[in-house]
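Below is one structure; the comments refer to it alone.
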Amino acid sequence: MAARHKQARAPRAHWLFLALTLPVLFGALLFQGWTENEVDGSKTKRSCDQPVPRAAADAGPVLSVDGDRVRSAAMPAGTVALTYDGGPDPYWTPRLLTLLKKHRAHATFFLSGADAAQYPDLVRQIRDEGHEIGSHSYTGADLGNASGVRRALELRLTQGAFAGADGFRTKLLRMPMTTTVATLCGAEWPAVQRASAHGYLVVAADRSGRDPSDGLVRQFSQTSLAYRETAGLLADRGARRFTTISDGIGADASAMSDVAAPDRWAGTALIWFQWLGRGFVSALTWVLTIAAALGLIRLLVLVLFARAHVRRLERQRPGAPWLREIRDPVTVLVPAYNEEAGIGTTLRSLLASTHERLQIIVIDDGSSDRTVEIANGYAEQDTRVQVVCQPNAGKAAALNHGLAYARCPYVVMVDADTVFEPDAIARLIQPLAHPAVGAVSGNTKVGNRTRLLGRWQHLEYVFGFNLDRRMFEVLECMPTVPGAIGAFRLDALMGVGGLSEDTLAEDTDLTMALWRAGWRVVYEENAIAWTEVPTSLRQLWRQRYRWCYGTLQAMWKHRGAVREVGHAGRFGRRGLTYLLLFQVLLPLLAPIIDVFMLYSALFTDNPVKSVATWLGFLTVQLVVAAYALRLDGERRRPLWSLPFQLLVYRQLMYLVVLQSVVAFVTGSRLKWQRMHRSGTAAAAAQHIGGPHDRRSLTVTR
């Protein structure tokens, strides 16, 4: 590996960026959910357990309460105060304003803080046309039954919305879900007392049927009915005067007063915060819809192409063994760096291969453990094994070093922790009988799958990697021949200059280079090798980070393939597009989508629908995963862990993609991250059930 990769380090600034931005976004999302779709039942009016105090029973509709002392006011004779609750509404508020202006009447609008923050222009229009504004709380919640914190928040946020919309605050309050003074009963009355203690005038409505000549306060919502009734009142106004609450009671000063600049700035921030949450919800609704559709389409396409792949195998296909059985000698390259735990088992499995004409080259990449000693022991016992050494330079350099010693027309590249089944090499090289095939991907299986993390990776290998490979072969766009088990024509390798050291995903880079050179790449699912996967989240992160970062490097390096013709063009337009869409873009959006699914379950009117949608998608994945396991000859027992994989494992993979994309975009150089091996793959694989048990996984020299 080039020195620039060794000296590199992963970026860190983006984690600070995420730590600062994600809480803001998620906070805005939760705030939007709270304001738009409450789940605590606080909008449900509860019955009164006791009437209003006697002192308020005959009080006027405009109240100020000081302990047990009630001061009230009413409209004078011939005066009607029109009041409208809720809004501003983008449809009805402008119509009501036009109607009032036509009849030269004024009214009091008790606005919702959330709506005022959403439509600040309407708030300004109401004031500009001489009307009065009062508070109807932020969300229209039942203030009497709300907690003290919730009640204070409702009133404070509403004042903040007014300050941000037009730089004022109000002392008028209409208690949500109340009408006359009599409805300020039970828990509402203490809420009235607390509001009065903070300087509010609580405005109720007069009883229906009251003679308008005595003066009254009329209460409407901003609806079509309110518009018709207002129009009727104004058309038959007689000598009545239609005015605001403050003007009607003869208040010395306006109920609305200007606020200081800091309050206005804070109100503006509130409006922007709510706008952010609303935009976030709107955007995520579209993203979630598109992502869910793409996810389902992908699963359906994978199944269809997997079935097509099976039918192709049942018939004749280019590259299949029926053309000519290959018995030619094969060079096996085994790059190794500190692999003393597994190198012996790997060499034993290779030497036990049914294809006995092998040249096995172990390339030691500057190991500091007993790797060379163990490999030399096998070389002394079997002349097919050869050990060459080089200073530590990375896997790609080690494979290129080994190619210089290759004497056979076909080359198999394997990892030093991989255990081959006896017939794996023989099956792997057969598709190379077709002259157009330059490389063959084998079937890598997880050996150490006894623990949960191993089971999750086992499902990923079968459900993700292998099912994808079946589709890639049918579409002729296989992007990667895995380093654990892959076969190549020697002349194809030499034609592309061997393995490039430009990327950390040398296997993906090489495969893409072969496509662009005009070679085909196929998948041989019956060529099986067992590998050891990471056993800790830290090791898994390092491995997948390197894979993802290297894949991004390879995709960028070979982006020109989308403009080419023939095999290269098909690979570019199909393979690169698929990788970009399903392995980069959707994983980047996945954490936000998961949070939005949780938001939908918590804050929508029908959370059962959201949960059912998620369960339906999970069911589809379970069905497809079961089909993938059946195609691979695996038991379906690990399927129980799939739901937990979606909740935990995939979130980690999404963060890996995020880290990799940021590192790539910022130009950071990532160093090679080698996984610590314990040599447990073969031993673990021996205890795995299924049709592969009959194959020998640990062989003798």
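Naming works like this for the structure tokens: A, B, ... for the chains as they're shown, residue 1 at the start of each chain, ligands 1 onward in shown order.
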- prompt: Taking the backbone alone, and naming residues the way the document does, which bits of segment 231-356 of chain A are alpha helix (DSSP H) by DSSP, as JSON, numbers by chain?
  reply: {"A": [231, 232, 233, 234, 235, 245, 246, 247, 248, 261, 262, 263, 264, 265, 266, 267, 268, 269, 270, 271, 272, 273, 274, 275, 276, 277, 278, 279, 280, 281, 282, 283, 284, 285, 286, 287, 288, 289, 290, 291, 292, 293, 294, 295, 296, 297, 298, 299, 300, 301, 302, 303, 304, 305, 306, 307, 308, 309, 310, 311, 312, 313, 314, 343, 344, 345, 346, 347, 348, 349, 350, 351]}
- prompt: Please, which residues of segment 139-194 of chain A, numbered as in this document, come out strand (DSSP E) from DSSP, as a list in words?
  reply: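 These are the residues in question: Phe168, Arg169, Thr170, Leu172 and Leu173 of chain A.
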Restricted to all heavy atoms, what would the selected residues look like written as a PDB file, in the first residue's frame?
ATOM      1  N   PHE A 168     -44.761  42.626  18.306  1.00  0.00           N
ATOM      2  CA  PHE A 168     -45.653  43.050  19.380  1.00  0.00           C
ATOM      3  C   PHE A 168     -45.941  41.883  20.316  1.00  0.00           C
ATOM      4  O   PHE A 168     -45.651  40.729  20.006  1.00  0.00           O
ATOM      5  CB  PHE A 168     -46.977  43.587  18.803  1.00  0.00           C
ATOM      6  CG  PHE A 168     -47.868  42.500  18.236  1.00  0.00           C
ATOM      7  CD1 PHE A 168     -48.869  41.913  19.003  1.00  0.00           C
ATOM      8  CD2 PHE A 168     -47.704  42.051  16.930  1.00  0.00           C
ATOM      9  CE1 PHE A 168     -49.682  40.914  18.490  1.00  0.00           C
ATOM     10  CE2 PHE A 168     -48.515  41.051  16.405  1.00  0.00           C
ATOM     11  CZ  PHE A 168     -49.499  40.477  17.186  1.00  0.00           C
ATOM     12  N   ARG A 169     -46.519  42.205  21.466  1.00  0.00           N
ATOM     13  CA  ARG A 169     -47.068  41.212  22.361  1.00  0.00           C
ATOM     14  C   ARG A 169     -48.483  41.646  22.722  1.00  0.00           C
ATOM     15  O   ARG A 169     -48.856  42.811  22.538  1.00  0.00           O
ATOM     16  CB  ARG A 169     -46.231  41.042  23.626  1.00  0.00           C
ATOM     17  CG  ARG A 169     -46.107  42.276  24.491  1.00  0.00           C
ATOM     18  CD  ARG A 169     -45.323  41.976  25.768  1.00  0.00           C
ATOM     19  NE  ARG A 169     -46.123  41.150  26.679  1.00  0.00           N
ATOM     20  CZ  ARG A 169     -45.847  39.880  26.993  1.00  0.00           C
ATOM     21  NH1 ARG A 169     -44.787  39.288  26.475  1.00  0.00           N
ATOM     22  NH2 ARG A 169     -46.609  39.203  27.824  1.00  0.00           N
ATOM     23  N   THR A 170     -49.293  40.722  23.218  1.00  0.00           N
ATOM     24  CA  THR A 170     -50.682  41.026  23.532  1.00  0.00           C
ATOM     25  C   THR A 170     -51.008  40.590  24.950  1.00  0.00           C
ATOM     26  O   THR A 170     -50.377  39.664  25.477  1.00  0.00           O
ATOM     27  CB  THR A 170     -51.632  40.328  22.541  1.00  0.00           C
ATOM     28  OG1 THR A 170     -52.986  40.675  22.851  1.00  0.00           O
ATOM     29  CG2 THR A 170     -51.495  38.812  22.630  1.00  0.00           C
ATOM     30  N   LEU A 172     -54.381  39.990  25.655  1.00  0.00           N
ATOM     31  CA  LEU A 172     -55.684  39.346  25.517  1.00  0.00           C
ATOM     32  C   LEU A 172     -55.502  37.847  25.331  1.00  0.00           C
ATOM     33  O   LEU A 172     -54.619  37.406  24.580  1.00  0.00           O
ATOM     34  CB  LEU A 172     -56.449  39.919  24.324  1.00  0.00           C
ATOM     35  CG  LEU A 172     -56.798  41.409  24.372  1.00  0.00           C
ATOM     36  CD1 LEU A 172     -57.564  41.807  23.123  1.00  0.00           C
ATOM     37  CD2 LEU A 172     -57.605  41.735  25.627  1.00  0.00           C
ATOM     38  N   LEU A 173     -56.337  37.057  26.006  1.00  0.00           N
ATOM     39  CA  LEU A 173     -56.232  35.601  25.924  1.00  0.00           C
ATOM     40  C   LEU A 173     -57.626  34.992  25.836  1.00  0.00           C
ATOM     41  O   LEU A 173     -58.503  35.307  26.648  1.00  0.00           O
ATOM     42  CB  LEU A 173     -55.507  35.048  27.158  1.00  0.00           C
ATOM     43  CG  LEU A 173     -55.489  33.523  27.321  1.00  0.00           C
ATOM     44  CD1 LEU A 173     -54.689  32.873  26.185  1.00  0.00           C
ATOM     45  CD2 LEU A 173     -54.893  33.132  28.682  1.00  0.00           C
TER      46      LEU A 173
END
field: A:Tyr138, A:Trp614, A:Tyr405, A:Phe31 ranked by distance to Arg278 of chain A, top pick (using only C-alpha atoms)
entry: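 Smallest separation from Arg278 of chain A among the options: A:Phe31.
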Spatial neighbours of Thr98 of chain A, max dist 12 Å, only C-alpha atoms, sep filter under 5 positions, as a list in words: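 Once the adjacent positions are removed, what remains is Tyr91, Trp92, Thr93, His103, Arg104, Ala105, His106, Gln125, Ile126, Glu129, Tyr227, Thr230 and Ala231 of chain A.
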Could you write out that same residue set with N, CA, C and O atoms as a short mmCIF file (atom, residue, chain, number, x, y, z; two decimals), in the first residue's frame?
data_model
loop_
_atom_site.label_atom_id
_atom_site.label_comp_id
_atom_site.auth_asym_id
_atom_site.auth_seq_id
_atom_site.Cartn_x
_atom_site.Cartn_y
_atom_site.Cartn_z
N TYR A 91 -56.89 30.79 3.78
CA TYR A 91 -58.07 30.91 2.92
C TYR A 91 -59.10 31.86 3.52
O TYR A 91 -59.56 32.80 2.87
N TRP A 92 -59.47 31.64 4.81
CA TRP A 92 -60.58 32.39 5.38
C TRP A 92 -60.18 33.74 5.98
O TRP A 92 -60.96 34.69 5.95
N THR A 93 -58.97 33.86 6.51
CA THR A 93 -58.58 35.14 7.09
C THR A 93 -58.62 36.28 6.08
O THR A 93 -59.21 37.34 6.37
N HIS A 103 -67.31 46.71 5.26
CA HIS A 103 -68.32 47.29 6.14
C HIS A 103 -67.71 48.22 7.20
O HIS A 103 -68.40 48.61 8.14
N ARG A 104 -66.45 48.54 7.05
CA ARG A 104 -65.75 49.45 7.97
C ARG A 104 -65.92 49.01 9.42
O ARG A 104 -66.19 49.81 10.32
N ALA A 105 -65.74 47.74 9.63
CA ALA A 105 -65.86 47.17 10.97
C ALA A 105 -64.49 46.64 11.40
O ALA A 105 -63.63 46.32 10.58
N HIS A 106 -64.32 46.54 12.73
CA HIS A 106 -63.08 45.99 13.26
C HIS A 106 -63.41 44.82 14.18
O HIS A 106 -64.53 44.73 14.71
N GLN A 125 -50.97 41.79 8.23
CA GLN A 125 -52.13 42.33 7.53
C GLN A 125 -53.27 42.62 8.49
O GLN A 125 -53.95 43.65 8.37
N ILE A 126 -53.48 41.73 9.46
CA ILE A 126 -54.54 41.95 10.45
C ILE A 126 -54.30 43.25 11.21
O ILE A 126 -55.21 44.07 11.39
N GLU A 129 -54.69 46.57 9.12
CA GLU A 129 -56.06 46.96 8.80
C GLU A 129 -56.84 47.36 10.04
O GLU A 129 -58.07 47.49 10.00
N TYR A 227 -68.02 33.05 8.34
CA TYR A 227 -68.08 34.09 7.29
C TYR A 227 -69.52 34.46 6.98
O TYR A 227 -69.86 35.66 6.89
N THR A 230 -71.05 36.38 9.98
CA THR A 230 -70.50 37.73 10.04
C THR A 230 -71.11 38.61 8.96
O THR A 230 -71.48 39.78 9.21
N ALA A 231 -71.22 38.06 7.76
CA ALA A 231 -71.82 38.83 6.67
C ALA A 231 -73.25 39.22 7.00
O ALA A 231 -73.70 40.35 6.71
#
field: Exercise: Val310 of chain A partners within 12 Å, only C-alpha atoms, chain neighbours under 2 positions left out, as a VMD selection string
entry: chain A and resid 303 to 308 312 to 317 467 470 to 471 473 to 474 523 to 525 628 630 to 632
message: Could you list, as a ChimeraX atom specification, every residue within 7 Å of segment 554-567 of chain A, counting only C-alpha atoms and ignoring same-chain residues fewer than 2 positions away?
response: /A:503,508-509,512,515-516,518,550-552,569-573,576
With N, CA and C atoms retained, write the just-selected residues as a PDB file, in the first residue's frame.
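Below you can see selection_26.pdb, which holds the result:
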ATOM      1  N   THR A 503      -6.495   2.867  -5.003  1.00  0.00           N
ATOM      2  CA  THR A 503      -7.646   2.814  -4.103  1.00  0.00           C
ATOM      3  C   THR A 503      -7.404   1.787  -3.008  1.00  0.00           C
ATOM      4  N   THR A 508     -12.366  -4.228  -6.091  1.00  0.00           N
ATOM      5  CA  THR A 508     -13.372  -3.497  -6.863  1.00  0.00           C
ATOM      6  C   THR A 508     -12.721  -2.725  -8.005  1.00  0.00           C
ATOM      7  N   ASP A 509     -11.607  -2.084  -7.730  1.00  0.00           N
ATOM      8  CA  ASP A 509     -10.876  -1.332  -8.762  1.00  0.00           C
ATOM      9  C   ASP A 509     -10.480  -2.253  -9.909  1.00  0.00           C
ATOM     10  N   MET A 512     -13.590  -3.369 -12.024  1.00  0.00           N
ATOM     11  CA  MET A 512     -14.051  -2.300 -12.908  1.00  0.00           C
ATOM     12  C   MET A 512     -13.100  -2.105 -14.081  1.00  0.00           C
ATOM     13  N   TRP A 515     -13.818  -4.761 -16.735  1.00  0.00           N
ATOM     14  CA  TRP A 515     -14.993  -4.438 -17.554  1.00  0.00           C
ATOM     15  C   TRP A 515     -14.621  -3.414 -18.622  1.00  0.00           C
ATOM     16  N   ARG A 516     -13.887  -2.384 -18.214  1.00  0.00           N
ATOM     17  CA  ARG A 516     -13.549  -1.318 -19.157  1.00  0.00           C
ATOM     18  C   ARG A 516     -12.566  -1.795 -20.226  1.00  0.00           C
ATOM     19  N   GLY A 518     -12.963  -4.632 -21.644  1.00  0.00           N
ATOM     20  CA  GLY A 518     -13.731  -5.474 -22.551  1.00  0.00           C
ATOM     21  C   GLY A 518     -13.988  -6.879 -22.059  1.00  0.00           C
ATOM     22  N   GLY A 550     -12.958   2.730  -0.209  1.00  0.00           N
ATOM     23  CA  GLY A 550     -12.300   2.238  -1.410  1.00  0.00           C
ATOM     24  C   GLY A 550     -13.249   2.117  -2.587  1.00  0.00           C
ATOM     25  N   THR A 551     -14.493   1.705  -2.327  1.00  0.00           N
ATOM     26  CA  THR A 551     -15.481   1.613  -3.400  1.00  0.00           C
ATOM     27  C   THR A 551     -15.773   2.979  -3.984  1.00  0.00           C
ATOM     28  N   LEU A 552     -15.891   3.987  -3.123  1.00  0.00           N
ATOM     29  CA  LEU A 552     -16.102   5.349  -3.623  1.00  0.00           C
ATOM     30  C   LEU A 552     -14.930   5.793  -4.495  1.00  0.00           C
ATOM     31  N   GLY A 569     -19.714   0.117 -21.175  1.00  0.00           N
ATOM     32  CA  GLY A 569     -20.837   1.032 -21.028  1.00  0.00           C
ATOM     33  C   GLY A 569     -21.977   0.425 -20.232  1.00  0.00           C
ATOM     34  N   ARG A 570     -22.270  -0.859 -20.489  1.00  0.00           N
ATOM     35  CA  ARG A 570     -23.327  -1.513 -19.716  1.00  0.00           C
ATOM     36  C   ARG A 570     -22.957  -1.568 -18.242  1.00  0.00           C
ATOM     37  N   PHE A 571     -21.704  -1.898 -17.974  1.00  0.00           N
ATOM     38  CA  PHE A 571     -21.273  -1.908 -16.578  1.00  0.00           C
ATOM     39  C   PHE A 571     -21.406  -0.527 -15.950  1.00  0.00           C
ATOM     40  N   GLY A 572     -20.950   0.511 -16.664  1.00  0.00           N
ATOM     41  CA  GLY A 572     -20.976   1.856 -16.106  1.00  0.00           C
ATOM     42  C   GLY A 572     -22.377   2.341 -15.824  1.00  0.00           C
ATOM     43  N   ARG A 573     -23.252   2.186 -16.807  1.00  0.00           N
ATOM     44  CA  ARG A 573     -24.605   2.723 -16.643  1.00  0.00           C
ATOM     45  C   ARG A 573     -25.452   1.896 -15.689  1.00  0.00           C
ATOM     46  N   LEU A 576     -22.490   1.137 -11.904  1.00  0.00           N
ATOM     47  CA  LEU A 576     -22.150   2.339 -11.151  1.00  0.00           C
ATOM     48  C   LEU A 576     -23.402   3.069 -10.669  1.00  0.00           C
TER      49      LEU A 576
END
message: Residues within 12 Å of Leu428 of chain A, please, as a ChimeraX atom specification. Count only C-alpha atoms; anything in the same chain fewer than 5 positions from it doesn't count.
response: /A:319-321,325-327,330,332,353-355,410-414,420-423,433,439-444,481,485-489,522-529
message: I want to know what sits within 7 Å of segment 366-376 of chain A, based on only C-alpha atoms, with residues of the same chain fewer than 5 positions away left out; could you give that as a list in words?
response: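 Skipping anything fewer than 5 positions along the chain leaves Tyr337, Asn338, Glu339, Glu340, Ile343, Gly344, Val387, Cys389, Gln390, Pro391 and Asn392 of chain A.
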Separation of atom CA of Leu302 of chain A from atom CA of Leu453 of chain A in Å: 24.4 Å
field: Distance criterion (only C-alpha atoms): nearest to Ile425 of chain A out of A:Leu586, A:Leu358, A:Leu459, A:Val608
entry: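 Of the candidates, the smallest distance to Ile425 of chain A is held by A:Leu358.
Atom CA of Glu460 of chain A to atom CA of Leu294 of chain A spans 18.9 Å [interatomic distance, one decimal].
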message: Under the rule that only C-alpha atoms are counted, which of A:Arg71, A:Arg449, A:His131, A:Arg427 is the nearest residue to Ser254 of chain A?
response: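 Checking each of A:Arg71, A:Arg449, A:His131, A:Arg427 against Ser254 of chain A, counting only C-alpha atoms, the winner is A:His131.
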query: Which of these, A:Trp272, A:Trp519, A:Tyr461, A:Phe109, has the shortest distance to Ala568 of chain A once you count only C-alpha atoms?
result: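 Distance minimum relative to Ala568 of chain A lands on A:Trp519.
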